[in-house]
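Accompanying notes for the structure given below.
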Amino acid sequence: MDLLWQGLVNGILLGGLYSLMALGLALVWGVLNIVNLAHGAFIMLGGYACYYMFSGLGIDPFIALPVTMAALFVFGYLLQRHLINLVIRAPMFNTLLLTFGIDVVLTYSAQIAFSADFRTINPSYAGAHFTWLGATIPLVRMIACAIAIALTLLLWLFLARTRLGRAIRATAQNLVAARLYGVEPRSIYALTFGIGAALAGGAGALYGVVSQLNPYIGVSLTAKSFVIAIIGGLESPLGVIAGGLILGLVESMTSLYIGATYTDVASFGILVLVLIVRPTGLFGRTT
Amino acid sequence: MNRYLSRLSLAAALASACAAVSFAAPAGATITLGASVQMSGGLANTGRYYKDGYEFAIDQINKAGGIKVGGKQEQLALKILDNQSDNNLSVRQYTQLITSDKIGLLLGPFASDAVLATSSVAEKYEVPMIQGGGASDQIFSRGYKYIFGTLPVASKYFESTIDAMDHLTPAPKTAALLFADDAFDVAVADGTRKLLQKAGLKIVLDERYSSNASDFSSLLSRIKSAQPDAVLVSGHETEVLNFIRQAKSLGVSPHFYSFTVGVPSADFRKALGKDADYAFGMTSWLPSAAEKDPWFGDGDKFAAAWHQRFGYAPDYHAASAVADVEAYAKAIEAAGSTDPKKVRDAIAHLDFPSLYGRIHFDAVGQISLPQTVIQVQNGKVVPIYGATGFIGKAEYPMPAWSKR
Amino acid sequence: MKRPLARAGIVAAFVVLAGIPWIASPSIVQFGINMLLLAALAQGWNIIGGYTGYASFGNSVFYGLGSYGTAIAMLRWHLPFGIGLALGTVIAVIFAALFGRAILRLRGHYFAICTLGLAEVMTAIVSNLEITGRNTGLVLPLLRGDVLFYELSLALVVVATLIVAWIAHSRFGYGLIAIRENEEAAAAMGVDTTRYKVLAFSLSAAISALAGGIHAYWITFIDPVSAFDIGLNVKMIIVTVFGGPGSILGPVLGAFVLSGISEVLSTEISTVAGLFFGAVIVVAVVFMPRGVADLIRRFDKYRWRYFAENVRANRL
């Protein structure tokens, strides 16, 4: 029973971080109809940015987090504005291939720039934990989960309440409608992609604190993000939170009660099943 | 349509030209060894030891005048390719080294699965491959004649650790065994399970996990609730790193934990800082002045020279790689020829002392070296238990994380 | 008049290719095996991706099933290679037909992600099964016969190309193209879209599985990650899109050119090969999104403006 409770807590804490990882991917996919295969590479870059601020300049990772996000925003904005926008009307394979190519370039550049050594963001309080109702709660995971959920809610508010946010949502429906908001589509696209990259960067910084970084972590994180985005649907950031929590819980429970090698069977099995049964996500509107 | 055709043939010609360029053999009258190693991609981190090791050993042998073949002094050279951590590419590169570069003496890549895939190329073309990167029993159970390995047998990795545990006070009574699901770690676990049973320890948790897993919170929670005295983990460096960090953040501290990899590597200790303390590990090699070497003097001198040249400390991967090159040098001299078949027979009969230990291959092509139990104490690796018993003082039991 | 000439040229090219093992060095033969298998895989992907317009990441699943079917038949049941190959192919086709019915209802990215998920699930399942050797993989017996593997691979490319050529000029092919261009309209015109799509998927599966089986016996070692490698599936797509999706010879041409380039890169300047390969993909997607086949066809008309025209047509 204690084990079950601890397992649920582990799953939820992991799930919070997962949802932030997938948030940018879902936003870009939902609004721009681009499936960004380089998403995991952005997470990796965010992790390294935070790592270098922490180890080089001694900045606390949670203070470095907004800086990391700002840097990734600029990077994402420029990438979309000057590269991805060039193929936006080409067939779907082309955007897929382009982002795949970007992923390869970023991964190998990271290896040359940062080396293949693994890095960890290891502040003095990284191992701190407390006990709550008999479950051990790692402090850093708790903070990471809270930040992830806060950022998700902020994005939701931004999309629902601000003029720019509404313009972004309109773009998802119809490019012409977006022009009515007086914003140029090219900038909207770049802005949206920039926000997606910033969220990935934030996730990367948190990931570096709870796990470890190397240039090759991107691919598996992209795959996980797909699962979450599909479970949660592309309509709302709140769906992504639910998707992240579900994945976290499924992985945790599978690992506890079935076996640690079965987590991928479970999570990707869910992906395929959800797609077959309900392609708009468990929480999306049915078409 | 004609233009289309001419363009088509142009493209085809271009493709074949591209293909042709890559098959130009390097010139030179030296003896060239060939290797395809992970210099980029997921395993580049450990692959580096092999690249550096091969190059360093060859330079050192050449500095001493090279090797004597049929009365003539000849220099060694290395043709090394980056397989980008891709086993299929590595297989192609080895074939190319053999068939177009006409290299008949191969050094291996890192990791058991890469060795499994690439050694069949060596066997196919009947050229020897001495490799210091694959220890899985699967490699040596295929009846191949041309593959030799300088890492000790996977199934005995924890043998000395379990011996040492028996002599600790209080001796651990229960153990948890965690292992990644790749060829090497499964072989380690199969061997360790038997050793634990023989030593009379109760296995309270025996769990396989996926290679490259990054979240260990569920497994750690199960360890916490099963409360084993000792935890033995066989996995990869990144997994061990995550395991220790997450053990700390979940407050899991068994009296004893030991890992097949990581502990000997400087990179690992740097990434963990103080949290690396108390972790046990093992190594088939530690720098020692007692291990005399024909080219480097002894193990200590070698370690110092390595550190000076590369800026980091060598571990057993590095020493194993150097031993591979030295084995070739000795075997070529003994054979008096570079003919792959003659060299192969000479390798099978080698027996010489090196900085890595005694190089002498058994019938299936593997060497046997005892694993020394080591522990991180105050950020330094301390040898604890070797073939002769305790050689250092173990810090045991491990204190709880909150009491460090 | 010109058409038969072109055809004769292509036949001649294949005859020359068939003769290569007797004149070239073993390393060229083995480069050839890789190149031909990639060409066959690309041709297989071309049927479902190029003609039908479904971005499948599931072809690596079929490749893996072919590999494992062959390996298991040979190792566990001691059957000859040919029967193992047939068995692997049958398993892959059954799998494609069963799952195809369910997942080919998905459109666009959803289909792509679903097949991607399928590849991940298969990797994970195979890593847990006793019969497949779990994640430690299977070691096949060693056969010293690269010429045989080369000719088998070449035969597979020829068969796959003939199938694609037949598709291009058949009712079936027109149906697939109609589905690619506008699925609702195709259905309205009386195309049995489900049956056509499942058939295309199964054909694609058969070719991929055959390639997987040949590769497994040749390389002698398979494990889940290499057998169900999504990277290989991405390569099929890159090669096809580079050569020209929905064309008869484009994928083969793409495989030859890109294999040549990547071989040079990974042997001559190996450390930055990966980086350069990524950059080539980015540049190719931006400037020649319709592949080499289209470049060859239309370069005369546009000359160097061809590249600028492509960017203009696809930019926001």
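Letters for chains follow the order of the structure tokens (A, B, ...), residue numbers begin at 1 for each chain, and ligand numbers begin at 1 in the order shown.
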
**OP:** For chain B, work out the contacting residues on chain A at 10 Å, counting only C-alpha atoms, and write them as a PyMOL selection string.
**Re:** chain A and resi 2-4+6-11+14+107-108+111-112+115-122+124-131+135-141+209-217+220+251-257+259-264

Counting only C-alpha atoms, which residues in chain A sit no more than 9 Å from chain C? For each one, give the nearest pair of atoms and the distance in Å, sorted by chain then residue number, as JSON lines.
```
{"residue": "A:Asn33", "atom": "CA", "partner": "C:His109", "partner_atom": "CA", "distance": 8.5}
{"residue": "A:Ile34", "atom": "CA", "partner": "C:His109", "partner_atom": "CA", "distance": 8.7}
{"residue": "A:Val35", "atom": "CA", "partner": "C:His109", "partner_atom": "CA", "distance": 7.2}
{"residue": "A:Leu83", "atom": "CA", "partner": "C:Val286", "partner_atom": "CA", "distance": 8.1}
{"residue": "A:Ile84", "atom": "CA", "partner": "C:Arg315", "partner_atom": "CA", "distance": 8.4}
{"residue": "A:Asn85", "atom": "CA", "partner": "C:Leu316", "partner_atom": "CA", "distance": 5.5}
{"residue": "A:Leu86", "atom": "CA", "partner": "C:Arg315", "partner_atom": "CA", "distance": 4.0}
{"residue": "A:Val87", "atom": "CA", "partner": "C:Asn314", "partner_atom": "CA", "distance": 4.9}
{"residue": "A:Ile88", "atom": "CA", "partner": "C:Arg315", "partner_atom": "CA", "distance": 5.7}
{"residue": "A:Arg89", "atom": "CA", "partner": "C:Asn314", "partner_atom": "CA", "distance": 4.4}
{"residue": "A:Ala90", "atom": "CA", "partner": "C:Asn314", "partner_atom": "CA", "distance": 5.1}
{"residue": "A:Pro91", "atom": "CA", "partner": "C:Pro289", "partner_atom": "CA", "distance": 8.5}
{"residue": "A:Met92", "atom": "CA", "partner": "C:Gly108", "partner_atom": "CA", "distance": 7.4}
{"residue": "A:Phe93", "atom": "CA", "partner": "C:Ala55", "partner_atom": "CA", "distance": 6.8}
{"residue": "A:Asn94", "atom": "CA", "partner": "C:Val285", "partner_atom": "CA", "distance": 6.0}
{"residue": "A:Thr95", "atom": "CA", "partner": "C:Val285", "partner_atom": "CA", "distance": 8.0}
{"residue": "A:Leu97", "atom": "CA", "partner": "C:Ile238", "partner_atom": "CA", "distance": 7.0}
{"residue": "A:Leu98", "atom": "CA", "partner": "C:Val282", "partner_atom": "CA", "distance": 5.3}
{"residue": "A:Thr99", "atom": "CA", "partner": "C:Val282", "partner_atom": "CA", "distance": 8.0}
{"residue": "A:Phe100", "atom": "CA", "partner": "C:Gly278", "partner_atom": "CA", "distance": 7.8}
{"residue": "A:Gly101", "atom": "CA", "partner": "C:Gly278", "partner_atom": "CA", "distance": 4.5}
{"residue": "A:Ile102", "atom": "CA", "partner": "C:Gly278", "partner_atom": "CA", "distance": 6.6}
{"residue": "A:Asp103", "atom": "CA", "partner": "C:Gly278", "partner_atom": "CA", "distance": 7.7}
{"residue": "A:Val104", "atom": "CA", "partner": "C:Gly278", "partner_atom": "CA", "distance": 5.0}
{"residue": "A:Val105", "atom": "CA", "partner": "C:Leu275", "partner_atom": "CA", "distance": 5.0}
{"residue": "A:Leu106", "atom": "CA", "partner": "C:Leu275", "partner_atom": "CA", "distance": 8.1}
{"residue": "A:Thr107", "atom": "CA", "partner": "C:Leu275", "partner_atom": "CA", "distance": 8.0}
{"residue": "A:Tyr108", "atom": "CA", "partner": "C:Leu275", "partner_atom": "CA", "distance": 5.3}
{"residue": "A:Ser109", "atom": "CA", "partner": "C:Leu275", "partner_atom": "CA", "distance": 6.8}
{"residue": "A:Ile112", "atom": "CA", "partner": "C:Val272", "partner_atom": "CA", "distance": 8.7}
{"residue": "A:Pro185", "atom": "CA", "partner": "C:Leu316", "partner_atom": "CA", "distance": 7.9}
{"residue": "A:Arg186", "atom": "CA", "partner": "C:Leu316", "partner_atom": "CA", "distance": 6.6}
{"residue": "A:Ala223", "atom": "CA", "partner": "C:Gly117", "partner_atom": "CA", "distance": 8.1}
{"residue": "A:Phe226", "atom": "CA", "partner": "C:Ile113", "partner_atom": "CA", "distance": 7.3}
{"residue": "A:Val227", "atom": "CA", "partner": "C:Gly117", "partner_atom": "CA", "distance": 8.0}
{"residue": "A:Ile230", "atom": "CA", "partner": "C:Tyr110", "partner_atom": "CA", "distance": 8.6}
{"residue": "A:Thr261", "atom": "CA", "partner": "C:Asn128", "partner_atom": "CA", "distance": 7.1}
{"residue": "A:Tyr262", "atom": "CA", "partner": "C:Ala124", "partner_atom": "CA", "distance": 7.0}
{"residue": "A:Thr263", "atom": "CA", "partner": "C:Ala124", "partner_atom": "CA", "distance": 8.3}
{"residue": "A:Asp264", "atom": "CA", "partner": "C:Ala124", "partner_atom": "CA", "distance": 5.7}
{"residue": "A:Val265", "atom": "CA", "partner": "C:Val121", "partner_atom": "CA", "distance": 5.1}
{"residue": "A:Ala266", "atom": "CA", "partner": "C:Val121", "partner_atom": "CA", "distance": 8.0}
{"residue": "A:Ser267", "atom": "CA", "partner": "C:Val121", "partner_atom": "CA", "distance": 8.3}
{"residue": "A:Phe268", "atom": "CA", "partner": "C:Gly117", "partner_atom": "CA", "distance": 5.4}
{"residue": "A:Gly269", "atom": "CA", "partner": "C:Val121", "partner_atom": "CA", "distance": 5.9}
{"residue": "A:Ile270", "atom": "CA", "partner": "C:Gly117", "partner_atom": "CA", "distance": 8.9}
{"residue": "A:Leu271", "atom": "CA", "partner": "C:Gly117", "partner_atom": "CA", "distance": 6.3}
{"residue": "A:Val272", "atom": "CA", "partner": "C:Cys114", "partner_atom": "CA", "distance": 5.4}
{"residue": "A:Leu273", "atom": "CA", "partner": "C:Cys114", "partner_atom": "CA", "distance": 8.8}
{"residue": "A:Leu275", "atom": "CA", "partner": "C:Cys114", "partner_atom": "CA", "distance": 6.5}
{"residue": "A:Ile276", "atom": "CA", "partner": "C:Ile103", "partner_atom": "CA", "distance": 6.0}
{"residue": "A:Val277", "atom": "CA", "partner": "C:Ala102", "partner_atom": "CA", "distance": 9.0}
{"residue": "A:Pro279", "atom": "CA", "partner": "C:Tyr110", "partner_atom": "CA", "distance": 7.3}
```

**OP:** Do a neighbour search on stretch 147-160 of chain B at 8 Å with only C-alpha atoms, toss out local chain neighbours closer than 3 positions, and write the hits as a VMD selection string.
**Re:** chain B and resid 119 122 to 123 128 to 137 140 144 163 to 164 184 to 185 187 to 192 195 260 282 284 320 323 to 324 359 361 364 to 373 385 to 387

If you count only C-alpha atoms, which residues fall within 12 Å of C:Pro251, apart from same-chain ones fewer than 4 positions away, as a PDB file with N, CA and C atoms, in the first residue's frame?
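Full text of selection10.pdb as output:
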```pdb
ATOM      1  N   MET C  35      23.697  -0.259 -50.342  1.00  0.00           N
ATOM      2  CA  MET C  35      23.056   0.707 -51.219  1.00  0.00           C
ATOM      3  C   MET C  35      21.796   0.106 -51.838  1.00  0.00           C
ATOM      4  N   LEU C  36      21.906  -1.154 -52.288  1.00  0.00           N
ATOM      5  CA  LEU C  36      20.764  -1.791 -52.950  1.00  0.00           C
ATOM      6  C   LEU C  36      19.632  -2.047 -51.953  1.00  0.00           C
ATOM      7  N   LEU C  37      19.992  -2.472 -50.738  1.00  0.00           N
ATOM      8  CA  LEU C  37      18.940  -2.698 -49.744  1.00  0.00           C
ATOM      9  C   LEU C  37      18.223  -1.382 -49.428  1.00  0.00           C
ATOM     10  N   LEU C  38      19.006  -0.309 -49.333  1.00  0.00           N
ATOM     11  CA  LEU C  38      18.383   0.991 -49.079  1.00  0.00           C
ATOM     12  C   LEU C  38      17.476   1.376 -50.244  1.00  0.00           C
ATOM     13  N   ALA C  39      17.937   1.105 -51.474  1.00  0.00           N
ATOM     14  CA  ALA C  39      17.125   1.415 -52.652  1.00  0.00           C
ATOM     15  C   ALA C  39      15.817   0.628 -52.610  1.00  0.00           C
ATOM     16  N   ALA C  40      15.898  -0.661 -52.241  1.00  0.00           N
ATOM     17  CA  ALA C  40      14.692  -1.480 -52.175  1.00  0.00           C
ATOM     18  C   ALA C  40      13.748  -0.944 -51.103  1.00  0.00           C
ATOM     19  N   LEU C  41      14.308  -0.584 -49.945  1.00  0.00           N
ATOM     20  CA  LEU C  41      13.483  -0.046 -48.860  1.00  0.00           C
ATOM     21  C   LEU C  41      12.804   1.251 -49.288  1.00  0.00           C
ATOM     22  N   ALA C  42      13.584   2.101 -49.978  1.00  0.00           N
ATOM     23  CA  ALA C  42      13.026   3.369 -50.439  1.00  0.00           C
ATOM     24  C   ALA C  42      11.905   3.110 -51.436  1.00  0.00           C
ATOM     25  N   GLN C  43      12.125   2.136 -52.301  1.00  0.00           N
ATOM     26  CA  GLN C  43      11.106   1.803 -53.291  1.00  0.00           C
ATOM     27  C   GLN C  43       9.844   1.298 -52.578  1.00  0.00           C
ATOM     28  N   GLY C  44      10.032   0.512 -51.530  1.00  0.00           N
ATOM     29  CA  GLY C  44       8.893   0.037 -50.754  1.00  0.00           C
ATOM     30  C   GLY C  44       8.152   1.192 -50.099  1.00  0.00           C
ATOM     31  N   TRP C  45       8.916   2.130 -49.553  1.00  0.00           N
ATOM     32  CA  TRP C  45       8.286   3.291 -48.916  1.00  0.00           C
ATOM     33  C   TRP C  45       7.566   4.143 -49.950  1.00  0.00           C
ATOM     34  N   ASN C  46       8.146   4.182 -51.154  1.00  0.00           N
ATOM     35  CA  ASN C  46       7.576   4.975 -52.251  1.00  0.00           C
ATOM     36  C   ASN C  46       6.120   4.592 -52.516  1.00  0.00           C
ATOM     37  N   ILE C  47       5.800   3.292 -52.365  1.00  0.00           N
ATOM     38  CA  ILE C  47       4.439   2.846 -52.664  1.00  0.00           C
ATOM     39  C   ILE C  47       3.445   3.479 -51.688  1.00  0.00           C
ATOM     40  N   GLY C  49       4.274   5.913 -49.247  1.00  0.00           N
ATOM     41  CA  GLY C  49       4.543   7.325 -49.015  1.00  0.00           C
ATOM     42  C   GLY C  49       4.436   8.162 -50.281  1.00  0.00           C
ATOM     43  N   GLY C  50       5.161   7.743 -51.311  1.00  0.00           N
ATOM     44  CA  GLY C  50       5.225   8.529 -52.540  1.00  0.00           C
ATOM     45  C   GLY C  50       3.922   8.501 -53.326  1.00  0.00           C
ATOM     46  N   TYR C  51       3.371   7.296 -53.540  1.00  0.00           N
ATOM     47  CA  TYR C  51       2.167   7.207 -54.370  1.00  0.00           C
ATOM     48  C   TYR C  51       0.901   7.488 -53.585  1.00  0.00           C
ATOM     49  N   VAL C 157      15.669  -5.125 -55.623  1.00  0.00           N
ATOM     50  CA  VAL C 157      15.486  -3.778 -56.185  1.00  0.00           C
ATOM     51  C   VAL C 157      14.750  -3.861 -57.515  1.00  0.00           C
ATOM     52  N   ALA C 160      11.106  -4.755 -56.897  1.00  0.00           N
ATOM     53  CA  ALA C 160      10.406  -3.614 -56.312  1.00  0.00           C
ATOM     54  C   ALA C 160      10.161  -2.535 -57.361  1.00  0.00           C
ATOM     55  N   THR C 161      11.170  -2.297 -58.217  1.00  0.00           N
ATOM     56  CA  THR C 161      11.023  -1.266 -59.239  1.00  0.00           C
ATOM     57  C   THR C 161       9.965  -1.673 -60.266  1.00  0.00           C
ATOM     58  N   VAL C 164       6.640  -1.051 -58.764  1.00  0.00           N
ATOM     59  CA  VAL C 164       6.312   0.374 -58.794  1.00  0.00           C
ATOM     60  C   VAL C 164       5.971   0.815 -60.215  1.00  0.00           C
ATOM     61  N   LYS C 235      15.729   7.339 -43.123  1.00  0.00           N
ATOM     62  CA  LYS C 235      16.588   7.254 -44.310  1.00  0.00           C
ATOM     63  C   LYS C 235      15.782   6.911 -45.550  1.00  0.00           C
ATOM     64  N   MET C 236      14.837   5.961 -45.417  1.00  0.00           N
ATOM     65  CA  MET C 236      13.995   5.614 -46.574  1.00  0.00           C
ATOM     66  C   MET C 236      13.279   6.862 -47.085  1.00  0.00           C
ATOM     67  N   ILE C 237      12.760   7.656 -46.141  1.00  0.00           N
ATOM     68  CA  ILE C 237      12.005   8.846 -46.536  1.00  0.00           C
ATOM     69  C   ILE C 237      12.937   9.862 -47.193  1.00  0.00           C
ATOM     70  N   ILE C 238      14.090  10.073 -46.571  1.00  0.00           N
ATOM     71  CA  ILE C 238      15.034  11.051 -47.109  1.00  0.00           C
ATOM     72  C   ILE C 238      15.423  10.666 -48.532  1.00  0.00           C
ATOM     73  N   VAL C 239      15.770   9.392 -48.690  1.00  0.00           N
ATOM     74  CA  VAL C 239      16.209   8.919 -49.997  1.00  0.00           C
ATOM     75  C   VAL C 239      15.106   9.085 -51.036  1.00  0.00           C
ATOM     76  N   THR C 240      13.879   8.735 -50.652  1.00  0.00           N
ATOM     77  CA  THR C 240      12.772   8.830 -51.595  1.00  0.00           C
ATOM     78  C   THR C 240      12.460  10.279 -51.928  1.00  0.00           C
ATOM     79  N   VAL C 241      12.396  11.124 -50.895  1.00  0.00           N
ATOM     80  CA  VAL C 241      12.075  12.524 -51.150  1.00  0.00           C
ATOM     81  C   VAL C 241      13.216  13.188 -51.933  1.00  0.00           C
ATOM     82  N   PHE C 242      14.440  12.806 -51.635  1.00  0.00           N
ATOM     83  CA  PHE C 242      15.582  13.346 -52.373  1.00  0.00           C
ATOM     84  C   PHE C 242      15.521  12.921 -53.835  1.00  0.00           C
ATOM     85  N   GLY C 243      15.197  11.660 -54.067  1.00  0.00           N
ATOM     86  CA  GLY C 243      15.154  11.157 -55.436  1.00  0.00           C
ATOM     87  C   GLY C 243      13.908  11.610 -56.180  1.00  0.00           C
ATOM     88  N   GLY C 244      12.811  11.700 -55.486  1.00  0.00           N
ATOM     89  CA  GLY C 244      11.564  12.083 -56.127  1.00  0.00           C
ATOM     90  C   GLY C 244      10.470  11.098 -55.755  1.00  0.00           C
ATOM     91  N   PRO C 245       9.632  11.474 -54.777  1.00  0.00           N
ATOM     92  CA  PRO C 245       8.575  10.567 -54.352  1.00  0.00           C
ATOM     93  C   PRO C 245       7.513  10.452 -55.447  1.00  0.00           C
ATOM     94  N   GLY C 246       6.938   9.275 -55.591  1.00  0.00           N
ATOM     95  CA  GLY C 246       5.917   9.086 -56.612  1.00  0.00           C
ATOM     96  C   GLY C 246       6.492   8.997 -58.009  1.00  0.00           C
ATOM     97  N   SER C 247       7.798   8.720 -58.136  1.00  0.00           N
ATOM     98  CA  SER C 247       8.362   8.462 -59.452  1.00  0.00           C
ATOM     99  C   SER C 247       8.915   7.043 -59.452  1.00  0.00           C
ATOM    100  N   ALA C 255      18.816   6.686 -53.533  1.00  0.00           N
ATOM    101  CA  ALA C 255      19.606   5.778 -52.695  1.00  0.00           C
ATOM    102  C   ALA C 255      21.039   5.725 -53.188  1.00  0.00           C
ATOM    103  N   PHE C 256      21.224   5.667 -54.509  1.00  0.00           N
ATOM    104  CA  PHE C 256      22.583   5.574 -55.060  1.00  0.00           C
ATOM    105  C   PHE C 256      23.374   6.832 -54.738  1.00  0.00           C
ATOM    106  N   VAL C 257      22.771   7.986 -54.995  1.00  0.00           N
ATOM    107  CA  VAL C 257      23.501   9.247 -54.804  1.00  0.00           C
ATOM    108  C   VAL C 257      23.809   9.473 -53.320  1.00  0.00           C
ATOM    109  N   LEU C 258      22.774   9.342 -52.482  1.00  0.00           N
ATOM    110  CA  LEU C 258      22.995   9.629 -51.058  1.00  0.00           C
ATOM    111  C   LEU C 258      23.899   8.600 -50.390  1.00  0.00           C
ATOM    112  N   SER C 259      23.788   7.333 -50.794  1.00  0.00           N
ATOM    113  CA  SER C 259      24.696   6.330 -50.225  1.00  0.00           C
ATOM    114  C   SER C 259      26.128   6.676 -50.577  1.00  0.00           C
ATOM    115  N   ARG C 290      11.098  18.716 -54.412  1.00  0.00           N
ATOM    116  CA  ARG C 290      10.482  17.629 -55.172  1.00  0.00           C
ATOM    117  C   ARG C 290      11.491  16.594 -55.657  1.00  0.00           C
ATOM    118  N   GLY C 291      12.719  16.730 -55.194  1.00  0.00           N
ATOM    119  CA  GLY C 291      13.691  15.682 -55.446  1.00  0.00           C
ATOM    120  C   GLY C 291      14.478  15.817 -56.738  1.00  0.00           C
ATOM    121  N   VAL C 292      15.437  14.914 -56.894  1.00  0.00           N
ATOM    122  CA  VAL C 292      16.340  14.928 -58.040  1.00  0.00           C
ATOM    123  C   VAL C 292      15.582  14.698 -59.343  1.00  0.00           C
ATOM    124  N   ALA C 293      14.612  13.779 -59.302  1.00  0.00           N
ATOM    125  CA  ALA C 293      13.873  13.462 -60.532  1.00  0.00           C
ATOM    126  C   ALA C 293      13.238  14.724 -61.108  1.00  0.00           C
TER     127      ALA C 293
END
```

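Of the listed residues (B:Gly104, B:Gly143, B:Gly53, B:Pro170), B:Gly143 comes nearest to chain C; the distances count only C-alpha atoms.
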
Subject >> Neighbour list for A:Gly232 as a ChimeraX atom specification, cut-off 12 Å, only C-alpha atoms, skip fewer than 2 positions in-chain >> reply: /A:18-19,22-23,25-27,30,225-230,234-247,270-271,274-275,278-285
